[in-house]
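Asker: There's a structure below that I have some questions on.
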Amino acid sequence: MPFAVRMKKQPIVAPKGTFDILPQDFPYWDRLEEAIKKVAASYGFKRIETPIIEHTDLFVRGVGNFTDIVGKEMYSFKTKGDDELSLRPEGTAPVIRAYIQNGMDNMPRPVKLFYVGPMFRHENPQAGRFREFHQFGIEAIGSSNPVLDAQAIKMFFSLMEELKLKNKFFVKVNSIGDRTCRPKYISALKSYYKSQQGKLCPDCRKKIATNPLRIFDCKNEKCTRVSLQAPNILDYLCDECNAHFKQVLDYLDELGVTYLLDTKLARGLDYYTKTVFEFYPEANSAEGGKTNALGGGGRYDYLVELLGGKPVPALGMAIGLERIIGLMKQEKVKLAMPKEERVFLIQLGDMARKKSLGIFEELRKNKIMVEEAFSKDSIKAQLKTAAKNGANIALILGQKEAIDDNIIVRDMQSGIQETIPLHKLLGELKKRFKEQAA
Ligand code: AMP
């Protein structure tokens with residue numbers, strides 16, 4: 001027996017941490033994307049799409065080598081042409097790269113861009129955490145005005161409202177300072193953690209030198225206890241950062257946004273300055289804050305310069321779509337209803353099938369949604385499919401009708417059918433749709 005025949009074929013499954021979006025889930029994705037586009041446009045953001053692969057260096061330079069995202073989680077590879085590329089783990093660095101590369105720095109400021117698309121991180125998959133996931137993100141480039149920070153935060157709440165989610169949400173906010181004040185804070189933080197290093201886990205001990213802000217995120221109980229007594233960033237902010245942060249909070253009050261000041265919020269990317277924030281659903285906050293964030297963002301006033309552009313301040317945020325879809329499903333949000341007018345074309349016999357192809361195209365061209373089961377022969381099977389698909393009108397073309405240039409129009413609900421000349425079909429359907437809509 002040949003080897004190929006003897007070998008038991010194992011089905012190939014999707015790589016760990018990835019998933020298929022199946023037809024039954026698409027109404028959720030469509031509804032969410034439609035809401036995103038509406039909300040983004042209403043705040044003046046224009047859509048941009050960047051490649052899924054970028055030069056690895058973009059993320060090393062932009063996001064930072066000592067971050068988990070770049071240091072541990074990137075899908076990086078060398079191409080046949082010896083390029084070092086990575087699947088994008090986040091959207092901000094690529095958008096800023098595109099902004100610089102496409103001369104958008106000559107456009108009126110702030111330049112407001114949004115994106116929707118997949119991101120890739122080699123993380124441990126668990127509930128709400130995947131290796132390929134999708135983000136909606138915004139970037140507002142070219143202004144340091146705190147009103148932008150507050151508006152970006154408000155946008156998240158507007159999106160939740162647009163989706164009619166009943167859950168309540170809140171945002172954690174903090175300021176992590178800028179070039180003037182952050183180094184002093186980092187140095188105070190390093191001294192503090194050095195004095196406590198015996199009580200820290202090995203991973204956090206390593207972070208003292210490289211990225212002490214990340215120790216705040218450690219879930220180890222001992223590390224959390226040490227972090228409780230750590231120096232407070234708000235005591236170190238320079239006058240400018242302090243005034244900026246106060247204004248952000250003022251605007252949030254003005255906008256009626258529920259926020260929680262969290263001085264331990266630092267976020268996982270190096271490029272942030274001043275305001276940082278993360279969004280959470282309120283319903284789960286009672287579980288001791290274990291809930292995954294729905295999104296987050298902040299200012300990155302030096303990133304454009306770092307990536308080779310004219311130095312301008314900027315701000316962005318990203319929201320995880322899988323987590324929002326999870327909430328939409330939990331709450332059974334109302335999805336866009338399929339069109340009421342559903343027509344199903346049934347054919348019987350070779351001649352009728354051939355003729356049906358033309359009728360199908362004609363209806364489609366006239367923007368009438370028509371479904372068919374050309375691969376099925378029996379009228380019973382086709383009627384069954386029509387009913388299952390929720391058709392309200394079935395068109396039946398048998399041998400006799402095909403010869404006589406007629407077609408049968410059947411009302412699926414009442415079962416009443418009438419034979420009409422084929423050339424009157426379009427007019428008849430339009431008339432029936434009008435009656436249905438009335
Ligand atoms: P970040 O880019 O890390 O600030 O993440 C922003 C948002 O993207 C998070 O709040 C999540 O909603 C989502 N997100 C980040 N990483 C993942 C992941 N591995 N799986 C699913 N969603 C994610």
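By order in the structure tokens, chains are A, B, ...; within a chain, residues start at 1; ligands start at 1, following the order shown.
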Using only C-alpha atoms and all ligand atoms, what are the residues with an atom within 10 Å of ligand 1, set out as a PDB file with N, CA and C atoms, in the first residue's frame?
Answerer:
```
ATOM      1  N   GLY A  17      -4.125  30.142  19.548  1.00  0.00           N
ATOM      2  CA  GLY A  17      -4.340  31.572  19.794  1.00  0.00           C
ATOM      3  C   GLY A  17      -4.956  32.321  18.632  1.00  0.00           C
ATOM      4  N   THR A  18      -5.295  31.580  17.550  1.00  0.00           N
ATOM      5  CA  THR A  18      -5.986  32.238  16.426  1.00  0.00           C
ATOM      6  C   THR A  18      -7.361  31.588  16.273  1.00  0.00           C
ATOM      7  N   ASP A  68       7.444  43.989  26.949  1.00  0.00           N
ATOM      8  CA  ASP A  68       7.090  42.592  26.681  1.00  0.00           C
ATOM      9  C   ASP A  68       6.726  42.419  25.208  1.00  0.00           C
ATOM     10  N   ILE A  69       5.998  43.405  24.681  1.00  0.00           N
ATOM     11  CA  ILE A  69       5.493  43.281  23.305  1.00  0.00           C
ATOM     12  C   ILE A  69       6.638  43.067  22.326  1.00  0.00           C
ATOM     13  N   GLU A  73       7.116  39.130  22.562  1.00  0.00           N
ATOM     14  CA  GLU A  73       5.882  38.670  21.922  1.00  0.00           C
ATOM     15  C   GLU A  73       5.797  38.867  20.413  1.00  0.00           C
ATOM     16  N   PRO A  89       2.544  44.142  16.064  1.00  0.00           N
ATOM     17  CA  PRO A  89       1.931  43.806  17.347  1.00  0.00           C
ATOM     18  C   PRO A  89       1.015  44.924  17.843  1.00  0.00           C
ATOM     19  N   GLU A  90       1.090  46.095  17.207  1.00  0.00           N
ATOM     20  CA  GLU A  90       0.261  47.237  17.614  1.00  0.00           C
ATOM     21  C   GLU A  90       0.194  48.211  16.443  1.00  0.00           C
ATOM     22  N   GLY A  91      -0.713  49.185  16.540  1.00  0.00           N
ATOM     23  CA  GLY A  91      -0.982  50.016  15.366  1.00  0.00           C
ATOM     24  C   GLY A  91      -0.366  51.405  15.371  1.00  0.00           C
ATOM     25  N   THR A  92       0.085  51.885  16.531  1.00  0.00           N
ATOM     26  CA  THR A  92       0.532  53.284  16.587  1.00  0.00           C
ATOM     27  C   THR A  92       1.823  53.523  15.796  1.00  0.00           C
ATOM     28  N   PRO A 118      -6.101  43.465  12.210  1.00  0.00           N
ATOM     29  CA  PRO A 118      -5.512  42.454  13.089  1.00  0.00           C
ATOM     30  C   PRO A 118      -4.118  42.829  13.594  1.00  0.00           C
ATOM     31  N   MET A 119      -3.819  42.401  14.809  1.00  0.00           N
ATOM     32  CA  MET A 119      -2.507  42.580  15.437  1.00  0.00           C
ATOM     33  C   MET A 119      -2.051  41.197  15.903  1.00  0.00           C
ATOM     34  N   PHE A 120      -0.752  41.044  16.111  1.00  0.00           N
ATOM     35  CA  PHE A 120      -0.216  39.714  16.440  1.00  0.00           C
ATOM     36  C   PHE A 120       0.747  39.805  17.615  1.00  0.00           C
ATOM     37  N   ARG A 121       0.471  39.028  18.641  1.00  0.00           N
ATOM     38  CA  ARG A 121       1.400  38.968  19.776  1.00  0.00           C
ATOM     39  C   ARG A 121       1.489  37.521  20.247  1.00  0.00           C
ATOM     40  N   HIS A 122       2.709  37.063  20.455  1.00  0.00           N
ATOM     41  CA  HIS A 122       2.903  35.683  20.893  1.00  0.00           C
ATOM     42  C   HIS A 122       2.718  35.626  22.406  1.00  0.00           C
ATOM     43  N   GLU A 123       1.442  35.688  22.828  1.00  0.00           N
ATOM     44  CA  GLU A 123       1.127  35.659  24.258  1.00  0.00           C
ATOM     45  C   GLU A 123       0.557  34.294  24.601  1.00  0.00           C
ATOM     46  N   ASN A 124       0.374  34.057  25.908  1.00  0.00           N
ATOM     47  CA  ASN A 124      -0.283  32.821  26.320  1.00  0.00           C
ATOM     48  C   ASN A 124      -1.774  32.966  26.128  1.00  0.00           C
ATOM     49  N   PRO A 125      -2.377  32.208  25.204  1.00  0.00           N
ATOM     50  CA  PRO A 125      -3.808  32.394  24.971  1.00  0.00           C
ATOM     51  C   PRO A 125      -4.632  32.049  26.211  1.00  0.00           C
ATOM     52  N   GLN A 126      -5.614  32.855  26.505  1.00  0.00           N
ATOM     53  CA  GLN A 126      -6.571  32.593  27.590  1.00  0.00           C
ATOM     54  C   GLN A 126      -7.821  33.402  27.269  1.00  0.00           C
ATOM     55  N   ALA A 127      -8.804  33.388  28.187  1.00  0.00           N
ATOM     56  CA  ALA A 127     -10.058  34.090  27.879  1.00  0.00           C
ATOM     57  C   ALA A 127      -9.752  35.540  27.510  1.00  0.00           C
ATOM     58  N   GLY A 128     -10.208  35.969  26.338  1.00  0.00           N
ATOM     59  CA  GLY A 128     -10.027  37.362  25.915  1.00  0.00           C
ATOM     60  C   GLY A 128      -8.603  37.706  25.493  1.00  0.00           C
ATOM     61  N   ARG A 129      -7.728  36.725  25.421  1.00  0.00           N
ATOM     62  CA  ARG A 129      -6.331  36.986  25.010  1.00  0.00           C
ATOM     63  C   ARG A 129      -5.946  36.013  23.903  1.00  0.00           C
ATOM     64  N   PHE A 130      -5.620  36.560  22.752  1.00  0.00           N
ATOM     65  CA  PHE A 130      -5.319  35.728  21.588  1.00  0.00           C
ATOM     66  C   PHE A 130      -3.955  36.088  21.030  1.00  0.00           C
ATOM     67  N   ARG A 131      -3.511  35.309  20.056  1.00  0.00           N
ATOM     68  CA  ARG A 131      -2.246  35.646  19.391  1.00  0.00           C
ATOM     69  C   ARG A 131      -2.503  36.501  18.155  1.00  0.00           C
ATOM     70  N   GLU A 132      -3.653  36.275  17.526  1.00  0.00           N
ATOM     71  CA  GLU A 132      -4.102  37.222  16.512  1.00  0.00           C
ATOM     72  C   GLU A 132      -5.389  37.820  17.036  1.00  0.00           C
ATOM     73  N   PHE A 133      -5.420  39.121  17.177  1.00  0.00           N
ATOM     74  CA  PHE A 133      -6.628  39.791  17.657  1.00  0.00           C
ATOM     75  C   PHE A 133      -6.801  41.074  16.852  1.00  0.00           C
ATOM     76  N   HIS A 134      -7.930  41.745  17.057  1.00  0.00           N
ATOM     77  CA  HIS A 134      -8.217  42.924  16.233  1.00  0.00           C
ATOM     78  C   HIS A 134      -8.348  44.173  17.098  1.00  0.00           C
ATOM     79  N   GLN A 135      -7.866  45.259  16.565  1.00  0.00           N
ATOM     80  CA  GLN A 135      -7.983  46.517  17.307  1.00  0.00           C
ATOM     81  C   GLN A 135      -8.592  47.605  16.433  1.00  0.00           C
ATOM     82  N   PHE A 136      -9.357  48.462  17.094  1.00  0.00           N
ATOM     83  CA  PHE A 136      -9.734  49.748  16.508  1.00  0.00           C
ATOM     84  C   PHE A 136      -8.863  50.759  17.225  1.00  0.00           C
ATOM     85  N   GLY A 137      -8.168  51.588  16.477  1.00  0.00           N
ATOM     86  CA  GLY A 137      -7.302  52.560  17.136  1.00  0.00           C
ATOM     87  C   GLY A 137      -7.428  53.929  16.511  1.00  0.00           C
ATOM     88  N   ARG A 267       1.111  51.372  31.652  1.00  0.00           N
ATOM     89  CA  ARG A 267       0.931  50.806  30.305  1.00  0.00           C
ATOM     90  C   ARG A 267       2.201  50.149  29.786  1.00  0.00           C
ATOM     91  N   GLY A 268       2.011  49.219  28.877  1.00  0.00           N
ATOM     92  CA  GLY A 268       3.128  48.353  28.475  1.00  0.00           C
ATOM     93  C   GLY A 268       4.041  48.867  27.375  1.00  0.00           C
ATOM     94  N   LEU A 269       3.849  50.094  26.926  1.00  0.00           N
ATOM     95  CA  LEU A 269       4.663  50.545  25.803  1.00  0.00           C
ATOM     96  C   LEU A 269       5.503  51.742  26.239  1.00  0.00           C
ATOM     97  N   PHE A 277      -4.236  56.019  29.902  1.00  0.00           N
ATOM     98  CA  PHE A 277      -5.571  55.611  30.366  1.00  0.00           C
ATOM     99  C   PHE A 277      -5.919  54.204  29.899  1.00  0.00           C
ATOM    100  N   GLU A 278      -6.830  53.572  30.623  1.00  0.00           N
ATOM    101  CA  GLU A 278      -7.313  52.228  30.268  1.00  0.00           C
ATOM    102  C   GLU A 278      -8.790  52.119  30.577  1.00  0.00           C
ATOM    103  N   PHE A 279      -9.520  51.425  29.720  1.00  0.00           N
ATOM    104  CA  PHE A 279     -10.981  51.312  29.877  1.00  0.00           C
ATOM    105  C   PHE A 279     -11.383  49.950  30.447  1.00  0.00           C
ATOM    106  N   TYR A 280     -12.362  49.974  31.323  1.00  0.00           N
ATOM    107  CA  TYR A 280     -12.852  48.726  31.944  1.00  0.00           C
ATOM    108  C   TYR A 280     -14.377  48.735  32.012  1.00  0.00           C
ATOM    109  N   ASN A 292      -9.858  41.950  32.170  1.00  0.00           N
ATOM    110  CA  ASN A 292      -8.982  42.501  31.140  1.00  0.00           C
ATOM    111  C   ASN A 292      -9.472  43.877  30.728  1.00  0.00           C
ATOM    112  N   ALA A 293      -8.535  44.752  30.390  1.00  0.00           N
ATOM    113  CA  ALA A 293      -8.921  46.073  29.893  1.00  0.00           C
ATOM    114  C   ALA A 293      -9.556  45.921  28.516  1.00  0.00           C
ATOM    115  N   LEU A 294     -10.507  46.800  28.224  1.00  0.00           N
ATOM    116  CA  LEU A 294     -11.135  46.765  26.903  1.00  0.00           C
ATOM    117  C   LEU A 294     -10.310  47.558  25.898  1.00  0.00           C
ATOM    118  N   GLY A 295      -9.516  48.467  26.426  1.00  0.00           N
ATOM    119  CA  GLY A 295      -8.690  49.286  25.541  1.00  0.00           C
ATOM    120  C   GLY A 295      -7.864  50.232  26.373  1.00  0.00           C
ATOM    121  N   GLY A 296      -7.052  50.985  25.717  1.00  0.00           N
ATOM    122  CA  GLY A 296      -6.237  51.940  26.461  1.00  0.00           C
ATOM    123  C   GLY A 296      -5.455  52.812  25.510  1.00  0.00           C
ATOM    124  N   GLY A 297      -4.755  53.768  26.081  1.00  0.00           N
ATOM    125  CA  GLY A 297      -3.958  54.644  25.222  1.00  0.00           C
ATOM    126  C   GLY A 297      -3.279  55.722  26.021  1.00  0.00           C
ATOM    127  N   GLY A 298      -2.866  56.745  25.328  1.00  0.00           N
ATOM    128  CA  GLY A 298      -2.206  57.850  26.003  1.00  0.00           C
ATOM    129  C   GLY A 298      -1.470  58.735  25.026  1.00  0.00           C
ATOM    130  N   GLY A 316      -2.957  58.693  21.240  1.00  0.00           N
ATOM    131  CA  GLY A 316      -3.704  57.625  20.584  1.00  0.00           C
ATOM    132  C   GLY A 316      -4.352  56.684  21.570  1.00  0.00           C
ATOM    133  N   MET A 317      -5.184  55.823  21.056  1.00  0.00           N
ATOM    134  CA  MET A 317      -5.742  54.749  21.892  1.00  0.00           C
ATOM    135  C   MET A 317      -6.116  53.576  20.997  1.00  0.00           C
ATOM    136  N   ALA A 318      -6.218  52.403  21.612  1.00  0.00           N
ATOM    137  CA  ALA A 318      -6.622  51.215  20.862  1.00  0.00           C
ATOM    138  C   ALA A 318      -7.596  50.403  21.706  1.00  0.00           C
ATOM    139  N   ILE A 319      -8.592  49.864  21.031  1.00  0.00           N
ATOM    140  CA  ILE A 319      -9.622  49.081  21.716  1.00  0.00           C
ATOM    141  C   ILE A 319      -9.629  47.678  21.120  1.00  0.00           C
ATOM    142  N   GLY A 320      -9.694  46.672  21.976  1.00  0.00           N
ATOM    143  CA  GLY A 320      -9.689  45.283  21.508  1.00  0.00           C
ATOM    144  C   GLY A 320     -11.080  44.858  21.058  1.00  0.00           C
ATOM    145  N   LEU A 321     -11.201  44.493  19.781  1.00  0.00           N
ATOM    146  CA  LEU A 321     -12.541  44.194  19.255  1.00  0.00           C
ATOM    147  C   LEU A 321     -13.117  42.896  19.801  1.00  0.00           C
ATOM    148  N   GLU A 322     -12.268  41.882  20.019  1.00  0.00           N
ATOM    149  CA  GLU A 322     -12.788  40.600  20.523  1.00  0.00           C
ATOM    150  C   GLU A 322     -13.469  40.814  21.877  1.00  0.00           C
ATOM    151  N   ARG A 323     -12.870  41.675  22.684  1.00  0.00           N
ATOM    152  CA  ARG A 323     -13.445  41.896  24.025  1.00  0.00           C
ATOM    153  C   ARG A 323     -14.767  42.644  23.950  1.00  0.00           C
ATOM    154  N   ILE A 324     -14.877  43.562  22.987  1.00  0.00           N
ATOM    155  CA  ILE A 324     -16.157  44.283  22.818  1.00  0.00           C
ATOM    156  C   ILE A 324     -17.211  43.316  22.275  1.00  0.00           C
TER     157      ILE A 324
END
```
Asker: List every residue of range 268-431 of chain A that DSSP, applied to the backbone of this structure, places in strand (DSSP E), and write the result as an NGL selection string.
Answerer: :A and (273-281 or 295-299 or 314-320 or 343-347 or 370-372 or 393-397 or 406-411 or 417-421)
Asker: Rank A:Ala209, A:Leu422, A:Cys204, A:Leu261 by their smallest atom-to-atom distance to Lys222 in chain A, using only C-alpha atoms, and report the top residue only.
Answerer: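 Smallest distance to Lys222 in chain A is found for A:Cys204.
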Asker: Quick one: of A:Ala402, A:Leu255, A:Leu32, A:Leu303, who's nearest to Leu58 in chain A, counting only C-alpha atoms?
Answerer: A:Leu303
Asker: Could you pull the residues within 6 Å of Met412 in chain A, counting only C-alpha atoms, minus those fewer than 3 positions along the same chain, as a PyMOL selection string?
Answerer: chain A and resi 392-393+415
Asker: Using only C-alpha atoms, which residues sit within 6 Å of Gly398 in chain A once same-chain residues fewer than 5 positions away are excluded, as number ranges by chain?
Answerer: A: 347-348, 352
Asker: Near Lys154 in chain A, within 9 Å and counting only C-alpha atoms, which residues show up once chain neighbours fewer than 4 positions away are dropped, as a list in words?
Answerer: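 Neighbouring residues, sequence-local ones excluded: Asp149, Ala150, Ser158, Leu159, Leu252, Leu255, Gly256 and Val257 of chain A.
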Asker: Using only N, CA, C and O atoms, please write the residues we just selected to a file, as a compact mmCIF listing (two decimals), in the first residue's frame.
Answerer:
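Result saved to selection19.txt:
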```txt
# COMPACT_ATOMS: atom_id res chain seq x y z
N ASP A 149 -6.93 64.74 24.70
CA ASP A 149 -6.83 63.58 25.60
C ASP A 149 -8.23 63.22 26.11
O ASP A 149 -8.64 62.06 26.10
N ALA A 150 -8.94 64.28 26.54
CA ALA A 150 -10.28 64.05 27.10
C ALA A 150 -11.24 63.55 26.03
O ALA A 150 -12.05 62.65 26.28
N SER A 158 -18.53 56.97 23.83
CA SER A 158 -19.50 57.21 22.74
C SER A 158 -19.69 55.94 21.92
O SER A 158 -20.79 55.64 21.48
N LEU A 159 -18.59 55.19 21.74
CA LEU A 159 -18.70 53.95 20.97
C LEU A 159 -19.58 52.95 21.73
O LEU A 159 -20.45 52.29 21.14
N LEU A 252 -12.59 66.00 31.55
CA LEU A 252 -13.33 64.74 31.75
C LEU A 252 -14.55 64.99 32.63
O LEU A 252 -15.64 64.47 32.38
N LEU A 255 -17.14 66.58 30.61
CA LEU A 255 -17.79 65.64 29.69
C LEU A 255 -18.60 64.56 30.42
O LEU A 255 -19.21 63.70 29.79
N GLY A 256 -18.55 64.59 31.74
CA GLY A 256 -19.31 63.62 32.53
C GLY A 256 -18.75 62.21 32.45
O GLY A 256 -19.51 61.23 32.53
N VAL A 257 -17.44 62.09 32.27
CA VAL A 257 -16.81 60.77 32.16
C VAL A 257 -16.45 60.25 33.56
O VAL A 257 -15.88 60.97 34.36
```
Asker: Smallest atom-to-atom distance to Leu307 in chain A: which of A:Ala243, A:Leu345, A:Ile100, A:Ile420, using only C-alpha atoms?
Answerer: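 Comparing A:Ala243, A:Leu345, A:Ile100, A:Ile420 against Leu307 in chain A, the winner is A:Ile100.
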Asker: Skipping near chain neighbours, those fewer than 2 positions away, what residues fall within 10 Å of Val312 in chain A using only C-alpha atoms, listed as a list in words?
Answerer: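 Listed by chain and then number, they are Asp105, Arg109, Pro110, Ile141, Gly142, Ser143, Ser144, Tyr300, Asp301, Tyr302, Leu303, Val304, Glu305, Gly309, Lys310 and Ala314 of chain A.
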Asker: Would you export the selected residues with N, CA, C and O atoms as a PDB file, in the first residue's frame, please?
Answerer:
```
ATOM      1  N   ASP A 105       2.711  65.365   7.575  1.00  0.00           N
ATOM      2  CA  ASP A 105       3.056  66.437   8.514  1.00  0.00           C
ATOM      3  C   ASP A 105       2.840  67.815   7.892  1.00  0.00           C
ATOM      4  O   ASP A 105       2.984  68.828   8.554  1.00  0.00           O
ATOM      5  N   ARG A 109      -3.109  70.562  11.408  1.00  0.00           N
ATOM      6  CA  ARG A 109      -3.021  69.758  12.631  1.00  0.00           C
ATOM      7  C   ARG A 109      -4.196  70.011  13.563  1.00  0.00           C
ATOM      8  O   ARG A 109      -4.710  71.119  13.566  1.00  0.00           O
ATOM      9  N   PRO A 110      -4.567  69.063  14.348  1.00  0.00           N
ATOM     10  CA  PRO A 110      -4.028  67.714  14.392  1.00  0.00           C
ATOM     11  C   PRO A 110      -4.517  66.850  13.229  1.00  0.00           C
ATOM     12  O   PRO A 110      -5.638  67.017  12.756  1.00  0.00           O
ATOM     13  N   ILE A 141      -2.451  63.479  15.729  1.00  0.00           N
ATOM     14  CA  ILE A 141      -1.036  63.868  15.676  1.00  0.00           C
ATOM     15  C   ILE A 141      -0.896  65.374  15.456  1.00  0.00           C
ATOM     16  O   ILE A 141      -1.504  65.935  14.532  1.00  0.00           O
ATOM     17  N   GLY A 142      -0.077  65.999  16.312  1.00  0.00           N
ATOM     18  CA  GLY A 142       0.251  67.411  16.077  1.00  0.00           C
ATOM     19  C   GLY A 142      -0.361  68.381  17.056  1.00  0.00           C
ATOM     20  O   GLY A 142      -0.420  69.580  16.769  1.00  0.00           O
ATOM     21  N   SER A 143      -0.822  67.922  18.202  1.00  0.00           N
ATOM     22  CA  SER A 143      -1.354  68.864  19.191  1.00  0.00           C
ATOM     23  C   SER A 143      -1.112  68.332  20.593  1.00  0.00           C
ATOM     24  O   SER A 143      -1.232  67.142  20.850  1.00  0.00           O
ATOM     25  N   SER A 144      -0.776  69.265  21.497  1.00  0.00           N
ATOM     26  CA  SER A 144      -0.579  68.844  22.893  1.00  0.00           C
ATOM     27  C   SER A 144      -1.779  69.261  23.733  1.00  0.00           C
ATOM     28  O   SER A 144      -1.779  69.114  24.949  1.00  0.00           O
ATOM     29  N   TYR A 300       1.910  60.349  23.312  1.00  0.00           N
ATOM     30  CA  TYR A 300       3.264  59.903  22.972  1.00  0.00           C
ATOM     31  C   TYR A 300       3.943  61.073  22.260  1.00  0.00           C
ATOM     32  O   TYR A 300       4.127  61.087  21.070  1.00  0.00           O
ATOM     33  N   ASP A 301       4.311  62.075  23.073  1.00  0.00           N
ATOM     34  CA  ASP A 301       4.769  63.342  22.502  1.00  0.00           C
ATOM     35  C   ASP A 301       6.125  63.277  21.797  1.00  0.00           C
ATOM     36  O   ASP A 301       6.477  64.210  21.082  1.00  0.00           O
ATOM     37  N   TYR A 302       6.886  62.200  21.991  1.00  0.00           N
ATOM     38  CA  TYR A 302       8.206  62.136  21.337  1.00  0.00           C
ATOM     39  C   TYR A 302       8.291  61.081  20.248  1.00  0.00           C
ATOM     40  O   TYR A 302       9.327  60.917  19.621  1.00  0.00           O
ATOM     41  N   LEU A 303       7.227  60.328  20.031  1.00  0.00           N
ATOM     42  CA  LEU A 303       7.325  59.192  19.097  1.00  0.00           C
ATOM     43  C   LEU A 303       7.558  59.628  17.648  1.00  0.00           C
ATOM     44  O   LEU A 303       8.336  59.019  16.922  1.00  0.00           O
ATOM     45  N   VAL A 304       6.884  60.693  17.224  1.00  0.00           N
ATOM     46  CA  VAL A 304       7.017  61.126  15.829  1.00  0.00           C
ATOM     47  C   VAL A 304       8.480  61.481  15.560  1.00  0.00           C
ATOM     48  O   VAL A 304       9.062  61.072  14.553  1.00  0.00           O
ATOM     49  N   GLU A 305       9.066  62.198  16.489  1.00  0.00           N
ATOM     50  CA  GLU A 305      10.479  62.581  16.358  1.00  0.00           C
ATOM     51  C   GLU A 305      11.374  61.327  16.388  1.00  0.00           C
ATOM     52  O   GLU A 305      12.284  61.178  15.575  1.00  0.00           O
ATOM     53  N   GLY A 309      10.348  61.864  12.196  1.00  0.00           N
ATOM     54  CA  GLY A 309       9.496  62.946  11.699  1.00  0.00           C
ATOM     55  C   GLY A 309       9.797  64.255  12.403  1.00  0.00           C
ATOM     56  O   GLY A 309      10.569  64.295  13.360  1.00  0.00           O
ATOM     57  N   LYS A 310       9.159  65.342  11.902  1.00  0.00           N
ATOM     58  CA  LYS A 310       9.281  66.628  12.598  1.00  0.00           C
ATOM     59  C   LYS A 310       8.676  66.461  13.974  1.00  0.00           C
ATOM     60  O   LYS A 310       7.580  65.903  14.099  1.00  0.00           O
ATOM     61  N   ALA A 314       1.573  64.003  20.156  1.00  0.00           N
ATOM     62  CA  ALA A 314       0.482  63.195  19.603  1.00  0.00           C
ATOM     63  C   ALA A 314      -0.148  62.336  20.691  1.00  0.00           C
ATOM     64  O   ALA A 314       0.385  62.229  21.806  1.00  0.00           O
TER      65      ALA A 314
END
```
Asker: DSSP says helix (DSSP H, G or I) for which residues of range 210-427 of chain A? Put them as an MDAnalysis selection string?
Answerer: chainID A and resid 210 212:217 221:228 233:235 239:255 285:287 303:306 321:330 350:365 379:388 399:404 422:427
Asker: For Asn174 in chain A, list every protein, DNA or RNA residue within 9 Å, evaluated using only C-alpha atoms, and leave out those in the same chain fewer than 4 positions away; present the list as a compact mmCIF listing (two decimals) with N, CA and C atoms, in the first residue's frame.
Answerer:
```txt
# COMPACT_ATOMS: atom_id res chain seq x y z
N ILE A 233 4.01 58.99 41.29
CA ILE A 233 4.38 59.83 40.14
C ILE A 233 3.85 61.27 40.28
N LEU A 234 2.68 61.41 40.87
CA LEU A 234 2.07 62.74 40.93
C LEU A 234 2.93 63.71 41.77
N PHE A 245 -2.24 67.66 33.13
CA PHE A 245 -3.05 66.57 33.69
C PHE A 245 -4.32 67.13 34.36
N LEU A 260 -11.16 56.99 37.22
CA LEU A 260 -10.53 56.58 38.46
C LEU A 260 -9.05 56.93 38.34
N LEU A 261 -8.58 57.75 39.26
CA LEU A 261 -7.18 58.14 39.22
C LEU A 261 -6.35 56.95 39.71
N ASP A 262 -5.48 56.42 38.87
CA ASP A 262 -4.69 55.25 39.26
C ASP A 262 -3.21 55.57 39.05
N THR A 263 -2.52 55.94 40.12
CA THR A 263 -1.13 56.40 39.98
C THR A 263 -0.17 55.25 39.68
N LYS A 264 -0.69 54.02 39.64
CA LYS A 264 0.17 52.88 39.29
C LYS A 264 -0.04 52.45 37.84
N LEU A 265 -0.85 53.21 37.12
CA LEU A 265 -1.09 52.85 35.72
C LEU A 265 0.06 53.38 34.87
N ALA A 266 0.76 52.46 34.18
CA ALA A 266 1.92 52.90 33.40
C ALA A 266 1.81 52.48 31.94
N LYS A 274 3.06 61.83 29.60
CA LYS A 274 1.89 62.52 30.20
C LYS A 274 0.69 61.56 30.39
N THR A 275 -0.44 61.89 29.78
CA THR A 275 -1.67 61.13 30.07
C THR A 275 -1.61 59.67 29.59
N VAL A 276 -1.98 58.74 30.46
CA VAL A 276 -2.22 57.35 30.03
C VAL A 276 -3.58 56.93 30.59
N PHE A 277 -4.24 56.02 29.90
CA PHE A 277 -5.57 55.61 30.37
C PHE A 277 -5.92 54.20 29.90
```
